[in-house]
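Below you'll find the structure, written out as structure tokens, and then a few comments.
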Amino acid sequence: MSFREKSAWIMSAALIVGGLIYFLPVLSGWTGSGQLPSPLMPQLVAYTVCLVTIAIVGHIVITALAPKEADAPVDEREKLIFDRAGHYSSYVLAAGVLVSLGTYLLSANGDLLFYVVFASLVASHLAEYLLQIVFYRTSV
Amino acid sequence: MGRKPPITNRVRELREQHGAMTQAALGDAIGVTRQTVIAIEQNRYSPSLESAFRIARLFGVGLEDVFSWDE
């Protein structure tokens with residue numbers, strides 16, 4: 001497995017764990033009280049700290065295991081993989097933006113708009129890393 | 001996505017004929033990662049024209065001695 005595929009696995013894990021940390025309390029609050037909780041800064045800070053910590057520690061580990069690979073420039077196949085993954089993940093973000101706009105038009109709820117936009121951003125990044133993994137393992 | 005390119009190659013065979021050159025050594029010589037060499041050998045990736053020429057020149061053969069169109 002190449003350094004950058006390992007990196008994509010780490011970022012996918014970081015986004016999934018961070019997303020669960022952020023969205024699980026929101027969903028449980030919503031289903032528990034029937035009222036969508038307002039976005040709070042401490043939750044965002046916890047999400048950011050979790051994401052950054054997993055990313056930094058993970059990359060330190062994989063760099064220590066293969067320092068030469070970590071220093072190697074991106075090659076032609078990897079550029080193609082990143083371009084394609086970025087292209088397809090942009091559709092996820094676009095779909096999320098459309099859903100966000102529709103959600104706000106129907107509900108006029110700013111809190112819900114924030115959550116849907118934020119979830120779209122996380123989902124598009126996750127899609128980008130997962131597609132990189134798929135393309136690394138298949139033909140491009 | 002997932003479709004194999006219609007180009008086959010003899011990279012693995014030529015690499016083994018040249019003193020059992022490793023995939024990593026070939027990758028270093030032509031400027032790609034070992035994983036990309038593996039993908040080329042398994043016909044999961046068709047290299048750029050520049051890399052194809054680098055491979056052919058490294059083995060001292062013509063381009064069509066390395067790559068062929070699979071009808």
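In the structure tokens, chains take letters A, B, ... by order of appearance, with residues numbered from 1 within each chain and ligands from 1 in the order shown.
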
(message) Based on only C-alpha atoms, which of the residues in chain B come within 12 Å of chain A? I want them as an MDAnalysis selection string.
(response) chainID B and resid 1:6 24 27:28 30:52

Selection file, N, CA, C and O atoms, as a short mmCIF file (atom, residue, chain, number, x, y, z; two decimals), in the first residue's frame:
data_model
loop_
_atom_site.label_atom_id
_atom_site.label_comp_id
_atom_site.auth_asym_id
_atom_site.auth_seq_id
_atom_site.Cartn_x
_atom_site.Cartn_y
_atom_site.Cartn_z
N MET B 1 -14.34 3.84 -14.56
CA MET B 1 -13.80 3.33 -13.31
C MET B 1 -13.77 1.80 -13.35
O MET B 1 -14.76 1.19 -13.65
N GLY B 2 -12.60 1.19 -13.06
CA GLY B 2 -12.53 -0.25 -12.97
C GLY B 2 -12.28 -0.97 -14.28
O GLY B 2 -11.99 -2.16 -14.27
N ARG B 3 -12.41 -0.26 -15.43
CA ARG B 3 -12.20 -0.92 -16.71
C ARG B 3 -10.71 -1.00 -16.99
O ARG B 3 -9.98 -0.03 -16.87
N LYS B 4 -10.27 -2.22 -17.41
CA LYS B 4 -8.84 -2.37 -17.69
C LYS B 4 -8.49 -1.68 -18.99
O LYS B 4 -9.25 -1.78 -19.97
N PRO B 5 -7.33 -1.00 -19.05
CA PRO B 5 -6.93 -0.36 -20.30
C PRO B 5 -6.65 -1.42 -21.37
O PRO B 5 -6.25 -2.54 -21.04
N PRO B 6 -6.87 -1.08 -22.67
CA PRO B 6 -6.69 -2.08 -23.73
C PRO B 6 -5.23 -2.26 -24.13
O PRO B 6 -4.95 -2.72 -25.24
N ALA B 24 10.65 -1.46 -7.24
CA ALA B 24 11.03 -0.16 -6.65
C ALA B 24 12.15 0.49 -7.46
O ALA B 24 12.12 1.71 -7.70
N GLY B 27 10.71 1.81 -10.60
CA GLY B 27 9.96 3.02 -10.28
C GLY B 27 10.87 4.22 -10.09
O GLY B 27 10.62 5.30 -10.62
N ASP B 28 11.96 4.02 -9.35
CA ASP B 28 12.93 5.11 -9.13
C ASP B 28 13.54 5.56 -10.46
O ASP B 28 13.75 6.75 -10.68
N ILE B 30 12.28 5.49 -13.47
CA ILE B 30 11.39 6.21 -14.41
C ILE B 30 10.55 7.29 -13.72
O ILE B 30 9.75 7.96 -14.35
N GLY B 31 10.73 7.43 -12.40
CA GLY B 31 10.07 8.53 -11.69
C GLY B 31 8.64 8.27 -11.29
O GLY B 31 7.82 9.19 -11.28
N VAL B 32 8.33 7.01 -10.97
CA VAL B 32 6.99 6.71 -10.43
C VAL B 32 7.15 5.85 -9.18
O VAL B 32 8.25 5.35 -8.88
N THR B 33 6.07 5.65 -8.45
CA THR B 33 6.15 4.85 -7.23
C THR B 33 6.12 3.36 -7.57
O THR B 33 5.73 2.97 -8.67
N ARG B 34 6.52 2.56 -6.60
CA ARG B 34 6.50 1.10 -6.78
C ARG B 34 5.06 0.63 -7.05
O ARG B 34 4.84 -0.28 -7.86
N GLN B 35 4.09 1.28 -6.40
CA GLN B 35 2.69 0.88 -6.59
C GLN B 35 2.23 1.15 -8.03
O GLN B 35 1.42 0.39 -8.57
N THR B 36 2.77 2.19 -8.63
CA THR B 36 2.41 2.48 -10.03
C THR B 36 3.04 1.44 -10.96
O THR B 36 2.41 1.01 -11.93
N VAL B 37 4.26 1.03 -10.67
CA VAL B 37 4.88 -0.05 -11.46
C VAL B 37 4.04 -1.33 -11.36
O VAL B 37 3.77 -1.99 -12.36
N ILE B 38 3.58 -1.63 -10.15
CA ILE B 38 2.73 -2.82 -9.95
C ILE B 38 1.45 -2.68 -10.78
O ILE B 38 1.04 -3.63 -11.46
N ALA B 39 0.84 -1.49 -10.74
CA ALA B 39 -0.40 -1.26 -11.51
C ALA B 39 -0.15 -1.40 -13.01
O ALA B 39 -0.99 -1.95 -13.73
N ILE B 40 1.01 -0.94 -13.49
CA ILE B 40 1.35 -1.08 -14.92
C ILE B 40 1.49 -2.57 -15.26
O ILE B 40 0.92 -3.05 -16.24
N GLU B 41 2.24 -3.29 -14.43
CA GLU B 41 2.47 -4.71 -14.71
C GLU B 41 1.17 -5.53 -14.68
O GLU B 41 1.04 -6.51 -15.40
N GLN B 42 0.25 -5.11 -13.86
CA GLN B 42 -1.02 -5.84 -13.76
C GLN B 42 -2.07 -5.31 -14.74
O GLN B 42 -3.25 -5.66 -14.63
N ASN B 43 -1.63 -4.44 -15.66
CA ASN B 43 -2.53 -3.82 -16.65
C ASN B 43 -3.69 -3.07 -16.02
O ASN B 43 -4.79 -3.01 -16.56
N ARG B 44 -3.45 -2.48 -14.85
CA ARG B 44 -4.48 -1.67 -14.21
C ARG B 44 -4.27 -0.19 -14.53
O ARG B 44 -5.08 0.65 -14.19
N TYR B 45 -3.13 0.12 -15.16
CA TYR B 45 -2.83 1.52 -15.49
C TYR B 45 -1.95 1.55 -16.73
O TYR B 45 -0.96 0.82 -16.83
N SER B 46 -2.35 2.41 -17.69
CA SER B 46 -1.51 2.65 -18.87
C SER B 46 -0.65 3.87 -18.59
O SER B 46 -1.21 4.96 -18.38
N PRO B 47 0.67 3.72 -18.61
CA PRO B 47 1.52 4.87 -18.27
C PRO B 47 1.44 5.96 -19.34
O PRO B 47 1.02 5.71 -20.47
N SER B 48 1.88 7.15 -18.96
CA SER B 48 1.94 8.25 -19.92
C SER B 48 2.96 7.89 -21.00
O SER B 48 3.80 6.99 -20.81
N LEU B 49 2.89 8.62 -22.12
CA LEU B 49 3.82 8.36 -23.22
C LEU B 49 5.26 8.54 -22.74
O LEU B 49 6.16 7.78 -23.09
N GLU B 50 5.47 9.57 -21.92
CA GLU B 50 6.82 9.84 -21.41
C GLU B 50 7.34 8.66 -20.57
O GLU B 50 8.47 8.21 -20.77
N SER B 51 6.50 8.16 -19.68
CA SER B 51 6.94 7.03 -18.86
C SER B 51 7.13 5.78 -19.70
O SER B 51 8.04 4.97 -19.44
N ALA B 52 6.27 5.60 -20.71
CA ALA B 52 6.42 4.45 -21.59
C ALA B 52 7.76 4.49 -22.31
O ALA B 52 8.48 3.48 -22.41
#

(message) Report as a PyMOL selection string all protein, DNA and RNA residues lying within 10 Å of range 38-41 of chain A, evaluated on only C-alpha atoms, omitting residues in the same chain fewer than 6 positions from it.
(response) chain A and resi 22+26+47+110-112+114-115

Print the selection's residues with N, CA and C atoms to a file, as a PDB file, in the first residue's frame.
ATOM      1  N   TYR A  22     -19.222  14.588  16.368  1.00  0.00           N
ATOM      2  CA  TYR A  22     -19.996  15.814  16.204  1.00  0.00           C
ATOM      3  C   TYR A  22     -21.499  15.546  16.063  1.00  0.00           C
ATOM      4  N   VAL A  26     -25.817  15.554  18.363  1.00  0.00           N
ATOM      5  CA  VAL A  26     -26.850  16.365  17.708  1.00  0.00           C
ATOM      6  C   VAL A  26     -28.083  15.509  17.427  1.00  0.00           C
ATOM      7  N   TYR A  47     -14.644  18.435  17.427  1.00  0.00           N
ATOM      8  CA  TYR A  47     -14.533  17.823  16.095  1.00  0.00           C
ATOM      9  C   TYR A  47     -13.169  18.141  15.469  1.00  0.00           C
ATOM     10  N   GLY A 110     -32.349  27.918  10.303  1.00  0.00           N
ATOM     11  CA  GLY A 110     -30.923  28.199  10.127  1.00  0.00           C
ATOM     12  C   GLY A 110     -30.034  27.137  10.749  1.00  0.00           C
ATOM     13  N   ASP A 111     -30.459  26.595  11.890  1.00  0.00           N
ATOM     14  CA  ASP A 111     -29.677  25.541  12.548  1.00  0.00           C
ATOM     15  C   ASP A 111     -29.583  24.301  11.654  1.00  0.00           C
ATOM     16  N   LEU A 112     -30.735  23.934  11.079  1.00  0.00           N
ATOM     17  CA  LEU A 112     -30.757  22.761  10.192  1.00  0.00           C
ATOM     18  C   LEU A 112     -29.886  23.014   8.959  1.00  0.00           C
ATOM     19  N   PHE A 114     -27.238  24.870   8.820  1.00  0.00           N
ATOM     20  CA  PHE A 114     -25.840  24.720   9.248  1.00  0.00           C
ATOM     21  C   PHE A 114     -25.440  23.241   9.266  1.00  0.00           C
ATOM     22  N   TYR A 115     -26.287  22.417   9.869  1.00  0.00           N
ATOM     23  CA  TYR A 115     -25.935  20.997   9.987  1.00  0.00           C
ATOM     24  C   TYR A 115     -25.860  20.314   8.619  1.00  0.00           C
TER      25      TYR A 115
END

(request) May I have the residues within 12 Å of Glu16 in chain B as a ChimeraX atom specification, using only C-alpha atoms and disregarding those fewer than 6 positions away in the same chain? (result) /B:10,22-23,25-26,41,59

(request) List the neighbours of Pro25 in chain A out to 10 Å using only C-alpha atoms; skip same-chain residues closer than 5 positions along the sequence, and give me the result as a list in words. (result) Leu20, Trp30, Thr31, Pro37 and Gln43 of chain A

Please produce an output containing N, CA, C and O atoms for each residue in the selection, written as a compact mmCIF listing (two decimals), in the first residue's frame.
# COMPACT_ATOMS: atom_id res chain seq x y z
N LEU A 20 -18.77 11.29 13.76
CA LEU A 20 -19.58 10.63 14.79
C LEU A 20 -19.58 11.44 16.08
O LEU A 20 -20.63 11.63 16.71
N TRP A 30 -31.75 15.69 19.10
CA TRP A 30 -32.90 15.94 18.21
C TRP A 30 -34.01 14.90 18.45
O TRP A 30 -35.17 15.23 18.58
N THR A 31 -33.57 13.61 18.49
CA THR A 31 -34.58 12.55 18.67
C THR A 31 -35.11 12.53 20.10
O THR A 31 -36.27 12.16 20.33
N PRO A 37 -30.88 20.81 18.39
CA PRO A 37 -30.03 21.70 19.19
C PRO A 37 -29.28 22.69 18.30
O PRO A 37 -28.92 22.36 17.17
N GLN A 43 -18.61 21.83 20.42
CA GLN A 43 -18.72 20.63 19.57
C GLN A 43 -17.80 20.76 18.36
O GLN A 43 -17.15 19.79 17.95

(request) To one decimal in Å, tell me the separation between CA of Ala55 in chain A and CA of Ile16 in chain A. (result) 11.9 Å

(request) Could you check which of A:Leu65, A:Ala127, A:Val17, A:Leu80 is closest to Leu51 in chain A, using only C-alpha atoms? (result) A:Val17

(request) Considering only C-alpha atoms, state which residue in the set A:Val116, A:Arg4, A:Val45, A:Phe23 is at the smallest distance from Leu93 in chain A. (result)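 Nearest candidate to Leu93 in chain A out of A:Val116, A:Arg4, A:Val45, A:Phe23: A:Val116.
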
(request) as number ranges by chain, please: all residues of range 26-65 of chain B that backbone DSSP puts in alpha helix (DSSP H). (result) B: 26-30, 34-41, 49-59, 63-65

(request) Do a neighbour search on His125 in chain A at 10 Å with only C-alpha atoms, toss out local chain neighbours closer than 5 positions, and write the hits as a PyMOL selection string. (result) chain A and resi 11-12+15+85-86+89-90+92-93+119-120+130-131

Output file for the residues above (N, CA, C and O atoms, as a short mmCIF file (atom, residue, chain, number, x, y, z; two decimals), in the first residue's frame):
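Final file, again27.cif:
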data_model
loop_
_atom_site.label_atom_id
_atom_site.label_comp_id
_atom_site.auth_asym_id
_atom_site.auth_seq_id
_atom_site.Cartn_x
_atom_site.Cartn_y
_atom_site.Cartn_z
N MET A 11 -7.24 9.71 6.80
CA MET A 11 -8.15 10.84 6.73
C MET A 11 -9.61 10.37 6.72
O MET A 11 -10.47 11.04 7.29
N SER A 12 -9.87 9.22 6.08
CA SER A 12 -11.23 8.67 6.11
C SER A 12 -11.62 8.34 7.54
O SER A 12 -12.73 8.68 7.99
N LEU A 15 -12.23 11.51 9.53
CA LEU A 15 -13.51 12.15 9.20
C LEU A 15 -14.69 11.37 9.78
O LEU A 15 -15.67 11.97 10.25
N ALA A 85 -10.86 11.55 -8.10
CA ALA A 85 -11.56 11.51 -6.81
C ALA A 85 -12.12 12.90 -6.48
O ALA A 85 -13.26 13.02 -6.03
N GLY A 86 -11.33 13.94 -6.74
CA GLY A 86 -11.80 15.31 -6.49
C GLY A 86 -12.98 15.67 -7.38
O GLY A 86 -13.93 16.33 -6.94
N SER A 89 -16.10 13.68 -6.09
CA SER A 89 -16.55 14.15 -4.77
C SER A 89 -17.19 15.53 -4.86
O SER A 89 -17.99 15.90 -4.01
N SER A 90 -16.84 16.28 -5.92
CA SER A 90 -17.47 17.61 -6.07
C SER A 90 -18.98 17.45 -6.32
O SER A 90 -19.76 18.33 -5.96
N VAL A 92 -20.80 15.22 -4.83
CA VAL A 92 -21.37 15.00 -3.49
C VAL A 92 -21.60 16.35 -2.82
O VAL A 92 -22.67 16.60 -2.23
N LEU A 93 -20.61 17.23 -2.94
CA LEU A 93 -20.75 18.57 -2.34
C LEU A 93 -21.88 19.34 -3.01
O LEU A 93 -22.70 19.99 -2.33
N ALA A 119 -22.57 18.70 7.18
CA ALA A 119 -22.58 17.27 6.85
C ALA A 119 -22.18 17.07 5.38
O ALA A 119 -21.46 16.12 5.05
N SER A 120 -22.62 17.97 4.51
CA SER A 120 -22.26 17.86 3.09
C SER A 120 -20.75 18.02 2.89
O SER A 120 -20.13 17.32 2.09
N LEU A 130 -12.33 8.15 0.11
CA LEU A 130 -12.75 6.77 -0.18
C LEU A 130 -12.58 6.46 -1.67
O LEU A 130 -12.16 5.35 -2.04
N LEU A 131 -12.87 7.45 -2.52
CA LEU A 131 -12.68 7.23 -3.96
C LEU A 131 -11.20 7.08 -4.30
O LEU A 131 -10.83 6.28 -5.17
#

(request) Just give me the gap between CA of Glu128 in chain A and CA of Tyr88 in chain A in Å, one decimal is fine. (result)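 Going from CA of Glu128 in chain A over to CA of Tyr88 in chain A, I get 7.4 Å.
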
What lies within 10 Å of Gly58 in chain A using only C-alpha atoms, ignoring chain neighbours under 2 positions off, as a PDB file with all heavy atoms, in the first residue's frame?
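Dumped everything to out_36.pdb:
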ATOM      1  N   LYS A   6      -2.343   5.031   2.317  1.00  0.00           N
ATOM      2  CA  LYS A   6      -2.432   4.965   3.788  1.00  0.00           C
ATOM      3  C   LYS A   6      -2.961   6.295   4.331  1.00  0.00           C
ATOM      4  O   LYS A   6      -3.777   6.318   5.260  1.00  0.00           O
ATOM      5  CB  LYS A   6      -1.045   4.686   4.386  1.00  0.00           C
ATOM      6  CG  LYS A   6      -0.538   3.285   4.157  1.00  0.00           C
ATOM      7  CD  LYS A   6       0.874   3.169   4.719  1.00  0.00           C
ATOM      8  CE  LYS A   6       1.603   1.985   4.120  1.00  0.00           C
ATOM      9  NZ  LYS A   6       3.060   2.106   4.231  1.00  0.00           N
ATOM     10  N   SER A   7      -2.475   7.388   3.734  1.00  0.00           N
ATOM     11  CA  SER A   7      -2.924   8.716   4.156  1.00  0.00           C
ATOM     12  C   SER A   7      -4.439   8.866   3.947  1.00  0.00           C
ATOM     13  O   SER A   7      -5.145   9.418   4.807  1.00  0.00           O
ATOM     14  CB  SER A   7      -2.162   9.787   3.355  1.00  0.00           C
ATOM     15  OG  SER A   7      -2.711  11.054   3.569  1.00  0.00           O
ATOM     16  N   TRP A   9      -6.630   6.451   3.972  1.00  0.00           N
ATOM     17  CA  TRP A   9      -7.290   5.647   5.018  1.00  0.00           C
ATOM     18  C   TRP A   9      -7.346   6.430   6.325  1.00  0.00           C
ATOM     19  O   TRP A   9      -8.366   6.436   7.023  1.00  0.00           O
ATOM     20  CB  TRP A   9      -6.527   4.328   5.242  1.00  0.00           C
ATOM     21  CG  TRP A   9      -6.889   3.248   4.266  1.00  0.00           C
ATOM     22  CD1 TRP A   9      -6.103   2.786   3.240  1.00  0.00           C
ATOM     23  CD2 TRP A   9      -8.102   2.479   4.208  1.00  0.00           C
ATOM     24  NE1 TRP A   9      -6.762   1.791   2.553  1.00  0.00           N
ATOM     25  CE2 TRP A   9      -7.990   1.578   3.120  1.00  0.00           C
ATOM     26  CE3 TRP A   9      -9.275   2.470   4.954  1.00  0.00           C
ATOM     27  CZ2 TRP A   9      -8.997   0.679   2.778  1.00  0.00           C
ATOM     28  CZ3 TRP A   9     -10.279   1.576   4.611  1.00  0.00           C
ATOM     29  CH2 TRP A   9     -10.126   0.697   3.534  1.00  0.00           C
ATOM     30  N   ILE A  10      -6.234   7.073   6.675  1.00  0.00           N
ATOM     31  CA  ILE A  10      -6.184   7.835   7.943  1.00  0.00           C
ATOM     32  C   ILE A  10      -7.199   8.974   7.921  1.00  0.00           C
ATOM     33  O   ILE A  10      -7.951   9.174   8.880  1.00  0.00           O
ATOM     34  CB  ILE A  10      -4.752   8.390   8.169  1.00  0.00           C
ATOM     35  CG1 ILE A  10      -3.802   7.254   8.526  1.00  0.00           C
ATOM     36  CG2 ILE A  10      -4.744   9.449   9.280  1.00  0.00           C
ATOM     37  CD1 ILE A  10      -2.340   7.645   8.464  1.00  0.00           C
ATOM     38  N   MET A  11      -7.236   9.706   6.801  1.00  0.00           N
ATOM     39  CA  MET A  11      -8.154  10.844   6.726  1.00  0.00           C
ATOM     40  C   MET A  11      -9.610  10.371   6.719  1.00  0.00           C
ATOM     41  O   MET A  11     -10.473  11.040   7.290  1.00  0.00           O
ATOM     42  CB  MET A  11      -7.846  11.691   5.484  1.00  0.00           C
ATOM     43  CG  MET A  11      -6.513  12.420   5.546  1.00  0.00           C
ATOM     44  SD  MET A  11      -6.249  13.326   7.091  1.00  0.00           S
ATOM     45  CE  MET A  11      -7.536  14.555   7.010  1.00  0.00           C
ATOM     46  N   ALA A  13     -10.708   7.669   8.254  1.00  0.00           N
ATOM     47  CA  ALA A  13     -10.995   7.299   9.651  1.00  0.00           C
ATOM     48  C   ALA A  13     -11.210   8.554  10.491  1.00  0.00           C
ATOM     49  O   ALA A  13     -12.139   8.614  11.317  1.00  0.00           O
ATOM     50  CB  ALA A  13      -9.842   6.466  10.214  1.00  0.00           C
ATOM     51  N   ALA A  14     -10.360   9.570  10.276  1.00  0.00           N
ATOM     52  CA  ALA A  14     -10.470  10.811  11.056  1.00  0.00           C
ATOM     53  C   ALA A  14     -11.820  11.486  10.801  1.00  0.00           C
ATOM     54  O   ALA A  14     -12.475  11.962  11.740  1.00  0.00           O
ATOM     55  CB  ALA A  14      -9.322  11.756  10.687  1.00  0.00           C
ATOM     56  N   VAL A  52      -7.778  16.739  13.657  1.00  0.00           N
ATOM     57  CA  VAL A  52      -6.366  17.135  13.529  1.00  0.00           C
ATOM     58  C   VAL A  52      -5.463  16.137  14.264  1.00  0.00           C
ATOM     59  O   VAL A  52      -4.400  15.760  13.749  1.00  0.00           O
ATOM     60  CB  VAL A  52      -6.166  18.580  14.055  1.00  0.00           C
ATOM     61  CG1 VAL A  52      -4.688  18.929  14.155  1.00  0.00           C
ATOM     62  CG2 VAL A  52      -6.891  19.579  13.153  1.00  0.00           C
ATOM     63  N   THR A  53      -5.901  15.693  15.437  1.00  0.00           N
ATOM     64  CA  THR A  53      -5.079  14.752  16.220  1.00  0.00           C
ATOM     65  C   THR A  53      -4.896  13.434  15.467  1.00  0.00           C
ATOM     66  O   THR A  53      -3.762  12.934  15.336  1.00  0.00           O
ATOM     67  CB  THR A  53      -5.730  14.477  17.599  1.00  0.00           C
ATOM     68  OG1 THR A  53      -5.925  15.714  18.250  1.00  0.00           O
ATOM     69  CG2 THR A  53      -4.852  13.569  18.441  1.00  0.00           C
ATOM     70  N   ILE A  54      -5.996  12.880  14.962  1.00  0.00           N
ATOM     71  CA  ILE A  54      -5.904  11.607  14.226  1.00  0.00           C
ATOM     72  C   ILE A  54      -5.031  11.790  12.982  1.00  0.00           C
ATOM     73  O   ILE A  54      -4.177  10.952  12.675  1.00  0.00           O
ATOM     74  CB  ILE A  54      -7.302  11.079  13.841  1.00  0.00           C
ATOM     75  CG1 ILE A  54      -8.080  10.676  15.086  1.00  0.00           C
ATOM     76  CG2 ILE A  54      -7.196   9.875  12.903  1.00  0.00           C
ATOM     77  CD1 ILE A  54      -9.525  10.269  14.827  1.00  0.00           C
ATOM     78  N   ALA A  55      -5.227  12.907  12.276  1.00  0.00           N
ATOM     79  CA  ALA A  55      -4.455  13.152  11.056  1.00  0.00           C
ATOM     80  C   ALA A  55      -2.967  13.275  11.355  1.00  0.00           C
ATOM     81  O   ALA A  55      -2.133  12.645  10.681  1.00  0.00           O
ATOM     82  CB  ALA A  55      -4.967  14.417  10.364  1.00  0.00           C
ATOM     83  N   ILE A  56      -2.620  14.051  12.385  1.00  0.00           N
ATOM     84  CA  ILE A  56      -1.199  14.268  12.693  1.00  0.00           C
ATOM     85  C   ILE A  56      -0.546  12.981  13.202  1.00  0.00           C
ATOM     86  O   ILE A  56       0.502  12.564  12.695  1.00  0.00           O
ATOM     87  CB  ILE A  56      -1.024  15.414  13.720  1.00  0.00           C
ATOM     88  CG1 ILE A  56      -1.373  16.758  13.066  1.00  0.00           C
ATOM     89  CG2 ILE A  56       0.390  15.444  14.276  1.00  0.00           C
ATOM     90  CD1 ILE A  56      -1.351  17.942  14.006  1.00  0.00           C
ATOM     91  N   ILE A  60       2.330  10.863  11.279  1.00  0.00           N
ATOM     92  CA  ILE A  60       3.645  10.670  11.909  1.00  0.00           C
ATOM     93  C   ILE A  60       4.005   9.185  11.879  1.00  0.00           C
ATOM     94  O   ILE A  60       5.129   8.803  11.536  1.00  0.00           O
ATOM     95  CB  ILE A  60       3.650  11.209  13.368  1.00  0.00           C
ATOM     96  CG1 ILE A  60       3.652  12.741  13.346  1.00  0.00           C
ATOM     97  CG2 ILE A  60       4.857  10.675  14.141  1.00  0.00           C
ATOM     98  CD1 ILE A  60       3.471  13.390  14.709  1.00  0.00           C
ATOM     99  N   VAL A  61       3.031   8.338  12.193  1.00  0.00           N
ATOM    100  CA  VAL A  61       3.279   6.888  12.229  1.00  0.00           C
ATOM    101  C   VAL A  61       3.643   6.368  10.839  1.00  0.00           C
ATOM    102  O   VAL A  61       4.662   5.672  10.664  1.00  0.00           O
ATOM    103  CB  VAL A  61       2.053   6.131  12.804  1.00  0.00           C
ATOM    104  CG1 VAL A  61       2.222   4.626  12.628  1.00  0.00           C
ATOM    105  CG2 VAL A  61       1.850   6.477  14.265  1.00  0.00           C
ATOM    106  N   ILE A  62       2.838   6.709   9.829  1.00  0.00           N
ATOM    107  CA  ILE A  62       3.127   6.144   8.493  1.00  0.00           C
ATOM    108  C   ILE A  62       4.396   6.749   7.886  1.00  0.00           C
ATOM    109  O   ILE A  62       5.079   6.103   7.116  1.00  0.00           O
ATOM    110  CB  ILE A  62       1.929   6.266   7.511  1.00  0.00           C
ATOM    111  CG1 ILE A  62       1.520   7.708   7.254  1.00  0.00           C
ATOM    112  CG2 ILE A  62       0.759   5.442   7.988  1.00  0.00           C
ATOM    113  CD1 ILE A  62       0.489   7.861   6.132  1.00  0.00           C
ATOM    114  N   THR A  63       4.715   7.977   8.276  1.00  0.00           N
ATOM    115  CA  THR A  63       5.975   8.576   7.801  1.00  0.00           C
ATOM    116  C   THR A  63       7.168   7.882   8.451  1.00  0.00           C
ATOM    117  O   THR A  63       8.174   7.615   7.784  1.00  0.00           O
ATOM    118  CB  THR A  63       6.008  10.087   8.099  1.00  0.00           C
ATOM    119  OG1 THR A  63       4.883  10.704   7.490  1.00  0.00           O
ATOM    120  CG2 THR A  63       7.274  10.727   7.555  1.00  0.00           C
ATOM    121  N   ALA A  64       7.040   7.580   9.742  1.00  0.00           N
ATOM    122  CA  ALA A  64       8.134   6.896  10.445  1.00  0.00           C
ATOM    123  C   ALA A  64       8.353   5.494   9.870  1.00  0.00           C
ATOM    124  O   ALA A  64       9.484   5.011   9.799  1.00  0.00           O
ATOM    125  CB  ALA A  64       7.809   6.801  11.935  1.00  0.00           C
TER     126      ALA A  64
END

(request) Run DSSP on the backbone and grab whatever in chain B lands in strand (DSSP E); send it over as a list of chain:residue names. (result) B:Ile7, B:Thr8, B:Asn9, B:Phe67, B:Ser68, B:Trp69

Next, dump the selected residues to file, keeping only N, CA, C and O atoms, as a PDB file, in the first residue's frame.
ATOM      1  N   ILE B   7      -4.322  -1.888 -23.282  1.00  0.00           N
ATOM      2  CA  ILE B   7      -2.897  -1.997 -23.623  1.00  0.00           C
ATOM      3  C   ILE B   7      -2.240  -3.014 -22.690  1.00  0.00           C
ATOM      4  O   ILE B   7      -2.373  -2.915 -21.470  1.00  0.00           O
ATOM      5  N   THR B   8      -1.573  -3.988 -23.285  1.00  0.00           N
ATOM      6  CA  THR B   8      -0.844  -4.962 -22.464  1.00  0.00           C
ATOM      7  C   THR B   8       0.650  -4.631 -22.536  1.00  0.00           C
ATOM      8  O   THR B   8       1.075  -3.853 -23.395  1.00  0.00           O
ATOM      9  N   ASN B   9       1.408  -5.219 -21.665  1.00  0.00           N
ATOM     10  CA  ASN B   9       2.850  -4.901 -21.668  1.00  0.00           C
ATOM     11  C   ASN B   9       3.684  -6.077 -21.182  1.00  0.00           C
ATOM     12  O   ASN B   9       3.163  -7.026 -20.590  1.00  0.00           O
ATOM     13  N   PHE B  67       5.033  -2.411 -25.132  1.00  0.00           N
ATOM     14  CA  PHE B  67       3.575  -2.243 -25.053  1.00  0.00           C
ATOM     15  C   PHE B  67       2.905  -2.691 -26.346  1.00  0.00           C
ATOM     16  O   PHE B  67       3.456  -2.484 -27.435  1.00  0.00           O
ATOM     17  N   SER B  68       1.747  -3.284 -26.213  1.00  0.00           N
ATOM     18  CA  SER B  68       0.993  -3.637 -27.416  1.00  0.00           C
ATOM     19  C   SER B  68      -0.496  -3.432 -27.163  1.00  0.00           C
ATOM     20  O   SER B  68      -0.971  -3.494 -26.029  1.00  0.00           O
ATOM     21  N   TRP B  69      -1.194  -3.150 -28.257  1.00  0.00           N
ATOM     22  CA  TRP B  69      -2.642  -2.931 -28.172  1.00  0.00           C
ATOM     23  C   TRP B  69      -3.343  -4.277 -28.158  1.00  0.00           C
ATOM     24  O   TRP B  69      -3.134  -5.093 -29.047  1.00  0.00           O
TER      25      TRP B  69
END
